[in-house]
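File shown: model-v7.pdb. Contents: PDB, C-alpha atoms.
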```
ATOM      1  CA  MET A1038     -60.728  18.108 -99.960
ATOM      2  CA  VAL A1039     -58.814  18.900 -96.763
ATOM      3  CA  THR A1040     -57.248  15.899 -95.018
ATOM      4  CA  LYS A1041     -57.270  15.418 -91.249
ATOM      5  CA  GLN A1042     -53.518  16.136 -91.216
ATOM      6  CA  GLN A1043     -54.015  19.392 -93.142
ATOM      7  CA  ALA A1044     -56.882  20.308 -90.796
ATOM      8  CA  ALA A1045     -54.627  19.707 -87.777
ATOM      9  CA  GLU A1046     -52.016  22.067 -89.238
ATOM     10  CA  ALA A1047     -54.751  24.632 -89.921
ATOM     11  CA  VAL A1048     -55.840  24.350 -86.267
ATOM     12  CA  ARG A1049     -52.298  24.932 -84.989
ATOM     13  CA  HIS A1050     -51.961  27.976 -87.236
ATOM     14  CA  ALA A1051     -55.399  29.343 -86.343
ATOM     15  CA  LYS A1052     -54.698  28.949 -82.614
ATOM     16  CA  ALA A1053     -51.547  31.027 -83.024
ATOM     17  CA  VAL A1054     -53.361  33.716 -85.025
ATOM     18  CA  THR A1055     -56.570  33.902 -82.955
ATOM     19  CA  GLY A1056     -55.150  33.153 -79.507
ATOM     20  CA  VAL A1057     -57.944  30.626 -78.881
ATOM     21  CA  THR A1058     -56.885  28.022 -76.306
ATOM     22  CA  TRP A1059     -57.546  24.286 -76.206
ATOM     23  CA  GLU A1060     -59.588  24.932 -73.052
ATOM     24  CA  GLN A1061     -61.804  27.458 -74.852
ATOM     25  CA  LEU A1062     -62.320  25.009 -77.723
ATOM     26  CA  SER A1063     -63.175  22.235 -75.275
ATOM     27  CA  GLU A1064     -65.710  24.390 -73.445
ATOM     28  CA  ALA A1065     -67.281  25.599 -76.703
ATOM     29  CA  ILE A1066     -67.925  22.105 -78.040
ATOM     30  CA  GLY A1067     -68.757  20.580 -74.642
ATOM     31  CA  ARG A1068     -66.183  17.786 -74.690
ATOM     32  CA  PRO A1069     -63.257  16.900 -72.388
ATOM     33  CA  LEU A1070     -60.061  18.901 -72.921
ATOM     34  CA  VAL A1071     -57.798  16.019 -73.959
ATOM     35  CA  TRP A1072     -60.447  14.499 -76.255
ATOM     36  CA  THR A1073     -61.017  17.864 -77.942
ATOM     37  CA  THR A1074     -57.301  18.451 -78.435
ATOM     38  CA  ALA A1075     -56.811  14.948 -79.886
ATOM     39  CA  ALA A1076     -59.860  15.341 -82.141
ATOM     40  CA  LEU A1077     -58.656  18.660 -83.547
ATOM     41  CA  LEU A1078     -55.239  17.088 -84.124
ATOM     42  CA  GLY A1079     -56.912  14.379 -86.206
ATOM     43  CA  GLN A1080     -57.365  11.442 -83.806
ATOM     44  CA  HIS A1081     -61.178  11.420 -83.351
ATOM     45  CA  PRO A1082     -64.135  12.265 -85.571
ATOM     46  CA  MET A1083     -66.294  15.166 -84.420
ATOM     47  CA  SER A1084     -70.038  15.559 -84.892
ATOM     48  CA  LYS A1085     -71.210  18.100 -87.456
ATOM     49  CA  ASP A1086     -72.166  20.570 -84.695
ATOM     50  CA  GLU A1087     -68.873  20.105 -82.814
ATOM     51  CA  ALA A1088     -66.901  20.580 -86.034
ATOM     52  CA  ALA A1089     -68.860  23.702 -87.008
ATOM     53  CA  THR A1090     -68.395  25.232 -83.560
ATOM     54  CA  ALA A1091     -64.638  24.572 -83.520
ATOM     55  CA  ALA A1092     -64.168  25.830 -87.082
ATOM     56  CA  ALA A1093     -66.105  29.025 -86.339
ATOM     57  CA  LEU A1094     -64.136  29.732 -83.165
ATOM     58  CA  LEU A1095     -60.869  29.212 -85.051
ATOM     59  CA  GLU A1096     -62.104  31.192 -88.077
ATOM     60  CA  LEU A1097     -61.644  28.185 -90.374
ATOM     61  CA  GLY A1098     -63.774  27.203 -93.355
ATOM     62  CA  ASP A1099     -66.359  24.525 -94.031
ATOM     63  CA  ASP A1100     -63.715  22.358 -95.740
ATOM     64  CA  VAL A1101     -61.771  22.118 -92.471
ATOM     65  CA  ALA A1102     -64.982  21.514 -90.491
ATOM     66  CA  LEU A1103     -65.717  18.603 -92.822
ATOM     67  CA  ALA A1104     -62.233  17.171 -92.226
ATOM     68  CA  PHE A1105     -62.918  17.295 -88.457
ATOM     69  CA  GLN A1106     -65.846  14.905 -89.076
ATOM     70  CA  LEU A1107     -63.920  12.261 -91.014
ATOM     71  CA  GLN A1108     -62.944   8.928 -89.483
ATOM     72  CA  PRO A1109     -59.250   9.088 -88.552
ATOM     73  CA  MET A1110     -56.339   6.778 -89.157
ATOM     74  CA  ARG A1111     -55.475   6.609 -85.466
ATOM     75  CA  GLY A1112     -52.011   6.335 -84.031
ATOM     76  CA  GLY A1113     -49.443   7.090 -86.676
ATOM     77  CA  LEU A1114     -46.364   8.749 -85.259
ATOM     78  CA  GLU A1115     -44.002  10.313 -87.794
ATOM     79  CA  SER A1116     -41.338   7.697 -86.939
ATOM     80  CA  ALA A1117     -41.231   4.389 -85.060
ATOM     81  CA  VAL A1118     -39.223   6.054 -82.305
ATOM     82  CA  PRO A1119     -40.562   9.572 -81.730
ATOM     83  CA  VAL A1120     -38.020  12.361 -81.932
ATOM     84  CA  ASP A1121     -40.054  15.120 -80.276
ATOM     85  CA  PRO A1122     -38.699  15.308 -76.686
ATOM     86  CA  THR A1123     -42.126  15.434 -75.016
ATOM     87  CA  ILE A1124     -43.496  12.478 -76.970
ATOM     88  CA  TYR A1125     -40.205  10.592 -76.559
ATOM     89  CA  ARG A1126     -40.472  10.875 -72.739
ATOM     90  CA  LEU A1127     -43.835   9.067 -72.925
ATOM     91  CA  TYR A1128     -42.286   6.435 -75.216
ATOM     92  CA  GLU A1129     -39.425   6.063 -72.717
ATOM     93  CA  ILE A1130     -41.888   5.665 -69.835
ATOM     94  CA  VAL A1131     -43.592   2.797 -71.657
ATOM     95  CA  GLN A1132     -40.218   1.199 -72.444
ATOM     96  CA  VAL A1133     -39.051   1.381 -68.830
ATOM     97  CA  TYR A1134     -42.323   0.874 -66.930
ATOM     98  CA  GLY A1135     -44.518  -0.940 -69.480
ATOM     99  CA  PRO A1136     -43.543  -4.438 -68.316
ATOM    100  CA  ALA A1137     -44.105  -3.474 -64.664
ATOM    101  CA  ILE A1138     -47.500  -1.934 -65.476
ATOM    102  CA  LYS A1139     -48.473  -5.113 -67.356
ATOM    103  CA  GLU A1140     -47.440  -7.307 -64.415
ATOM    104  CA  LEU A1141     -49.361  -5.155 -61.949
ATOM    105  CA  ILE A1142     -52.506  -5.161 -64.099
ATOM    106  CA  HIS A1143     -52.357  -8.960 -64.274
ATOM    107  CA  GLU A1144     -51.667  -9.335 -60.550
ATOM    108  CA  GLN A1145     -54.396  -6.932 -59.471
ATOM    109  CA  CYS A1146     -57.035  -7.605 -62.134
ATOM    110  CA  GLY A1147     -56.238 -10.928 -63.818
ATOM    111  CA  ASP A1148     -55.434 -11.859 -67.400
ATOM    112  CA  GLY A1149     -56.582  -8.847 -69.393
ATOM    113  CA  ILE A1150     -55.787  -5.370 -70.612
ATOM    114  CA  MET A1151     -56.631  -1.733 -70.031
ATOM    115  CA  SER A1152     -58.939  -0.392 -72.715
ATOM    116  CA  ALA A1153     -57.822   2.576 -74.780
ATOM    117  CA  ILE A1154     -61.360   2.864 -76.185
ATOM    118  CA  ASN A1155     -63.365   3.009 -72.945
ATOM    119  CA  PHE A1156     -60.777   5.411 -71.634
ATOM    120  CA  ARG A1157     -60.206   8.761 -69.953
ATOM    121  CA  LEU A1158     -57.036  10.830 -69.937
ATOM    122  CA  ASP A1159     -56.189  13.966 -68.005
ATOM    123  CA  VAL A1160     -53.131  16.247 -67.989
ATOM    124  CA  LYS A1161     -52.556  18.794 -65.225
ATOM    125  CA  ARG A1162     -49.856  21.119 -64.050
ATOM    126  CA  VAL A1163     -49.384  20.870 -60.284
ATOM    127  CA  PRO A1164     -47.329  23.467 -58.373
ATOM    128  CA  ASP A1165     -44.439  22.039 -56.353
ATOM    129  CA  PRO A1166     -41.744  23.889 -54.380
ATOM    130  CA  ALA A1167     -39.059  21.808 -56.135
ATOM    131  CA  GLY A1168     -40.478  22.708 -59.572
ATOM    132  CA  ASP A1169     -43.936  22.318 -61.044
ATOM    133  CA  ARG A1170     -45.040  18.764 -61.842
ATOM    134  CA  VAL A1171     -46.982  17.329 -64.763
ATOM    135  CA  VAL A1172     -49.599  14.765 -63.709
ATOM    136  CA  ILE A1173     -50.890  12.465 -66.443
ATOM    137  CA  THR A1174     -53.791  10.193 -65.518
ATOM    138  CA  LEU A1175     -54.619   7.203 -67.740
ATOM    139  CA  ASP A1176     -57.969   5.687 -66.764
ATOM    140  CA  GLY A1177     -59.078   2.730 -68.876
ATOM    141  CA  LYS A1178     -61.707   0.066 -68.325
ATOM    142  CA  TYR A1179     -60.277  -3.350 -67.452
ATOM    143  CA  LEU A1180     -61.046  -5.879 -70.173
ATOM    144  CA  PRO A1181     -60.449  -9.536 -69.258
ATOM    145  CA  TYR A1182     -59.300 -11.903 -71.979
ATOM    146  CA  GLN A1183     -62.090 -14.309 -72.826
ATOM    147  CA  TRP A1184     -61.176 -17.631 -74.365
TER     148      TRP A1184
END
```
Do you think you could lay out the structure here as structure tokens?
Amino acid sequence: MVTKQQAAEAVRHAKAVTGVTWEQLSEAIGRPLVWTTAALLGQHPMSKDEAATAAALLELGDDVALAFQLQPMRGGLESAVPVDPTIYRLYEIVQVYGPAIKELIHEQCGDGIMSAINFRLDVKRVPDPAGDRVVITLDGKYLPYQW
């Protein structure tokens, strides 16, 4: 049986061999780009049809398609403090701005949190004369604490 981690590695390899993009995969299965990318990297289960479509496009077998359908163990970074520079920047943002974001959520919305389940995420490259920018949008439902 292929694990979700092994399937994710197979996806990375197949993308390099076939030249298929995350955008093409997203369009083929009819799901948002970031969700599709996260799912194929092991963070969401796919339906049988979604998994079959992705596996076919990437020229992967039924064993990998089955792994795409399994429930994931979400989260799990390789280390408590990420060492990959891109992922570390996000970690650093939460370290520096997390307390301010928390305060602003409480001030603007009340005692609660932003959902990471009822949630949308978008990543875009935006041209800028001083150097292109990366815009990351986190859009989660506000969930008040209920006592």
Task: Residues matched by the PyMOL selection byres ((chain A and resi 1072) around 12), written as a PyMOL selection string - done: chain A and resi 1059-1060+1062-1064+1066-1071+1073-1083+1154+1156-1160
Keeping only C-alpha atoms, write the selected residues to a file as a PDB file, keeping the file's coordinate frame.
```
ATOM      1  CA  TRP A1059     -57.546  24.286 -76.206  1.00  0.00           C
ATOM      2  CA  GLU A1060     -59.588  24.932 -73.052  1.00  0.00           C
ATOM      3  CA  LEU A1062     -62.320  25.009 -77.723  1.00  0.00           C
ATOM      4  CA  SER A1063     -63.175  22.235 -75.275  1.00  0.00           C
ATOM      5  CA  GLU A1064     -65.710  24.390 -73.445  1.00  0.00           C
ATOM      6  CA  ILE A1066     -67.925  22.105 -78.040  1.00  0.00           C
ATOM      7  CA  GLY A1067     -68.757  20.580 -74.642  1.00  0.00           C
ATOM      8  CA  ARG A1068     -66.183  17.786 -74.690  1.00  0.00           C
ATOM      9  CA  PRO A1069     -63.257  16.900 -72.388  1.00  0.00           C
ATOM     10  CA  LEU A1070     -60.061  18.901 -72.921  1.00  0.00           C
ATOM     11  CA  VAL A1071     -57.798  16.019 -73.959  1.00  0.00           C
ATOM     12  CA  THR A1073     -61.017  17.864 -77.942  1.00  0.00           C
ATOM     13  CA  THR A1074     -57.301  18.451 -78.435  1.00  0.00           C
ATOM     14  CA  ALA A1075     -56.811  14.948 -79.886  1.00  0.00           C
ATOM     15  CA  ALA A1076     -59.860  15.341 -82.141  1.00  0.00           C
ATOM     16  CA  LEU A1077     -58.656  18.660 -83.547  1.00  0.00           C
ATOM     17  CA  LEU A1078     -55.239  17.088 -84.124  1.00  0.00           C
ATOM     18  CA  GLY A1079     -56.912  14.379 -86.206  1.00  0.00           C
ATOM     19  CA  GLN A1080     -57.365  11.442 -83.806  1.00  0.00           C
ATOM     20  CA  HIS A1081     -61.178  11.420 -83.351  1.00  0.00           C
ATOM     21  CA  PRO A1082     -64.135  12.265 -85.571  1.00  0.00           C
ATOM     22  CA  MET A1083     -66.294  15.166 -84.420  1.00  0.00           C
ATOM     23  CA  ILE A1154     -61.360   2.864 -76.185  1.00  0.00           C
ATOM     24  CA  PHE A1156     -60.777   5.411 -71.634  1.00  0.00           C
ATOM     25  CA  ARG A1157     -60.206   8.761 -69.953  1.00  0.00           C
ATOM     26  CA  LEU A1158     -57.036  10.830 -69.937  1.00  0.00           C
ATOM     27  CA  ASP A1159     -56.189  13.966 -68.005  1.00  0.00           C
ATOM     28  CA  VAL A1160     -53.131  16.247 -67.989  1.00  0.00           C
TER      29      VAL A1160
END
```
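CA of Ile1124 (chain A) lies 28.8 Å from CA of Pro1181 (chain A).
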TODO: Take CA of Ala1093 (chain A) and CA of Leu1107 (chain A) and report the distance between them in Å, one decimal.
DONE: 17.5 Å
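Counting all atoms listed in the file, the residue from A:Ala1092, A:Ile1142, A:Met1038, A:Val1131 that sits nearest to Val1057 (chain A) is A:Ala1092.
Considering the residues A:Cys1146, A:Ser1116, A:His1050, A:Thr1174 and counting all atoms listed in the file, Leu1097 (chain A) has its shortest atom-to-atom contact with A:His1050.
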Since the input is missing atoms, can you rebuild all heavy atoms for region 1043-1054 of chain A and write them as a PDB file, keeping the file's coordinate frame?
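Below you can see out-v9.pdb, which holds the result:
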```
ATOM      1  N   GLN A1043     -53.988  17.983 -92.738  1.00  0.00           N
ATOM      2  CA  GLN A1043     -54.015  19.392 -93.142  1.00  0.00           C
ATOM      3  C   GLN A1043     -54.892  20.209 -92.191  1.00  0.00           C
ATOM      4  O   GLN A1043     -54.550  21.354 -91.846  1.00  0.00           O
ATOM      5  CB  GLN A1043     -54.527  19.525 -94.575  1.00  0.00           C
ATOM      6  CG  GLN A1043     -53.561  18.979 -95.614  1.00  0.00           C
ATOM      7  CD  GLN A1043     -54.201  18.828 -96.982  1.00  0.00           C
ATOM      8  OE1 GLN A1043     -55.400  18.589 -97.105  1.00  0.00           O
ATOM      9  NE2 GLN A1043     -53.387  18.948 -98.021  1.00  0.00           N
ATOM     10  N   ALA A1044     -56.001  19.621 -91.748  1.00  0.00           N
ATOM     11  CA  ALA A1044     -56.882  20.308 -90.796  1.00  0.00           C
ATOM     12  C   ALA A1044     -56.155  20.550 -89.478  1.00  0.00           C
ATOM     13  O   ALA A1044     -56.284  21.615 -88.877  1.00  0.00           O
ATOM     14  CB  ALA A1044     -58.164  19.507 -90.585  1.00  0.00           C
ATOM     15  N   ALA A1045     -55.386  19.559 -89.029  1.00  0.00           N
ATOM     16  CA  ALA A1045     -54.627  19.707 -87.777  1.00  0.00           C
ATOM     17  C   ALA A1045     -53.628  20.859 -87.886  1.00  0.00           C
ATOM     18  O   ALA A1045     -53.478  21.662 -86.948  1.00  0.00           O
ATOM     19  CB  ALA A1045     -53.916  18.406 -87.424  1.00  0.00           C
ATOM     20  N   GLU A1046     -52.954  20.958 -89.032  1.00  0.00           N
ATOM     21  CA  GLU A1046     -52.016  22.067 -89.238  1.00  0.00           C
ATOM     22  C   GLU A1046     -52.759  23.397 -89.276  1.00  0.00           C
ATOM     23  O   GLU A1046     -52.275  24.393 -88.737  1.00  0.00           O
ATOM     24  CB  GLU A1046     -51.199  21.849 -90.509  1.00  0.00           C
ATOM     25  CG  GLU A1046     -50.203  20.710 -90.403  1.00  0.00           C
ATOM     26  CD  GLU A1046     -49.250  20.844 -89.229  1.00  0.00           C
ATOM     27  OE1 GLU A1046     -48.713  21.958 -88.995  1.00  0.00           O
ATOM     28  OE2 GLU A1046     -49.059  19.841 -88.513  1.00  0.00           O
ATOM     29  N   ALA A1047     -53.937  23.414 -89.885  1.00  0.00           N
ATOM     30  CA  ALA A1047     -54.751  24.632 -89.921  1.00  0.00           C
ATOM     31  C   ALA A1047     -55.164  25.041 -88.505  1.00  0.00           C
ATOM     32  O   ALA A1047     -55.186  26.233 -88.176  1.00  0.00           O
ATOM     33  CB  ALA A1047     -55.979  24.430 -90.804  1.00  0.00           C
ATOM     34  N   VAL A1048     -55.475  24.071 -87.663  1.00  0.00           N
ATOM     35  CA  VAL A1048     -55.840  24.350 -86.267  1.00  0.00           C
ATOM     36  C   VAL A1048     -54.657  24.972 -85.537  1.00  0.00           C
ATOM     37  O   VAL A1048     -54.810  25.992 -84.849  1.00  0.00           O
ATOM     38  CB  VAL A1048     -56.317  23.063 -85.551  1.00  0.00           C
ATOM     39  CG1 VAL A1048     -56.381  23.265 -84.044  1.00  0.00           C
ATOM     40  CG2 VAL A1048     -57.663  22.611 -86.098  1.00  0.00           C
ATOM     41  N   ARG A1049     -53.484  24.381 -85.668  1.00  0.00           N
ATOM     42  CA  ARG A1049     -52.298  24.932 -84.989  1.00  0.00           C
ATOM     43  C   ARG A1049     -52.052  26.380 -85.429  1.00  0.00           C
ATOM     44  O   ARG A1049     -51.759  27.245 -84.598  1.00  0.00           O
ATOM     45  CB  ARG A1049     -51.074  24.065 -85.276  1.00  0.00           C
ATOM     46  CG  ARG A1049     -51.059  22.761 -84.543  1.00  0.00           C
ATOM     47  CD  ARG A1049     -49.708  22.055 -84.756  1.00  0.00           C
ATOM     48  NE  ARG A1049     -49.673  20.789 -84.067  1.00  0.00           N
ATOM     49  CZ  ARG A1049     -49.866  19.616 -84.667  1.00  0.00           C
ATOM     50  NH1 ARG A1049     -50.115  19.546 -85.957  1.00  0.00           N
ATOM     51  NH2 ARG A1049     -49.809  18.500 -83.962  1.00  0.00           N
ATOM     52  N   HIS A1050     -52.166  26.624 -86.716  1.00  0.00           N
ATOM     53  CA  HIS A1050     -51.961  27.976 -87.236  1.00  0.00           C
ATOM     54  C   HIS A1050     -53.037  28.927 -86.716  1.00  0.00           C
ATOM     55  O   HIS A1050     -52.738  30.037 -86.250  1.00  0.00           O
ATOM     56  CB  HIS A1050     -51.950  27.943 -88.773  1.00  0.00           C
ATOM     57  CG  HIS A1050     -51.709  29.287 -89.376  1.00  0.00           C
ATOM     58  ND1 HIS A1050     -52.736  30.088 -89.805  1.00  0.00           N
ATOM     59  CD2 HIS A1050     -50.563  29.976 -89.608  1.00  0.00           C
ATOM     60  CE1 HIS A1050     -52.242  31.220 -90.271  1.00  0.00           C
ATOM     61  NE2 HIS A1050     -50.923  31.171 -90.169  1.00  0.00           N
ATOM     62  N   ALA A1051     -54.290  28.495 -86.785  1.00  0.00           N
ATOM     63  CA  ALA A1051     -55.399  29.343 -86.343  1.00  0.00           C
ATOM     64  C   ALA A1051     -55.302  29.656 -84.853  1.00  0.00           C
ATOM     65  O   ALA A1051     -55.620  30.775 -84.428  1.00  0.00           O
ATOM     66  CB  ALA A1051     -56.732  28.676 -86.670  1.00  0.00           C
ATOM     67  N   LYS A1052     -54.870  28.693 -84.055  1.00  0.00           N
ATOM     68  CA  LYS A1052     -54.698  28.949 -82.614  1.00  0.00           C
ATOM     69  C   LYS A1052     -53.674  30.055 -82.394  1.00  0.00           C
ATOM     70  O   LYS A1052     -53.849  30.930 -81.553  1.00  0.00           O
ATOM     71  CB  LYS A1052     -54.267  27.680 -81.867  1.00  0.00           C
ATOM     72  CG  LYS A1052     -55.396  26.698 -81.623  1.00  0.00           C
ATOM     73  CD  LYS A1052     -54.924  25.489 -80.846  1.00  0.00           C
ATOM     74  CE  LYS A1052     -54.640  25.727 -79.406  1.00  0.00           C
ATOM     75  NZ  LYS A1052     -53.651  26.491 -78.850  1.00  0.00           N
ATOM     76  N   ALA A1053     -52.591  30.018 -83.159  1.00  0.00           N
ATOM     77  CA  ALA A1053     -51.547  31.027 -83.024  1.00  0.00           C
ATOM     78  C   ALA A1053     -52.059  32.402 -83.450  1.00  0.00           C
ATOM     79  O   ALA A1053     -51.751  33.408 -82.810  1.00  0.00           O
ATOM     80  CB  ALA A1053     -50.325  30.627 -83.850  1.00  0.00           C
ATOM     81  N   VAL A1054     -52.845  32.441 -84.504  1.00  0.00           N
ATOM     82  CA  VAL A1054     -53.361  33.716 -85.025  1.00  0.00           C
ATOM     83  C   VAL A1054     -54.465  34.284 -84.134  1.00  0.00           C
ATOM     84  O   VAL A1054     -54.468  35.476 -83.820  1.00  0.00           O
ATOM     85  CB  VAL A1054     -53.877  33.540 -86.477  1.00  0.00           C
ATOM     86  CG1 VAL A1054     -54.630  34.766 -86.957  1.00  0.00           C
ATOM     87  CG2 VAL A1054     -52.712  33.211 -87.411  1.00  0.00           C
TER      88      VAL A1054
END
```
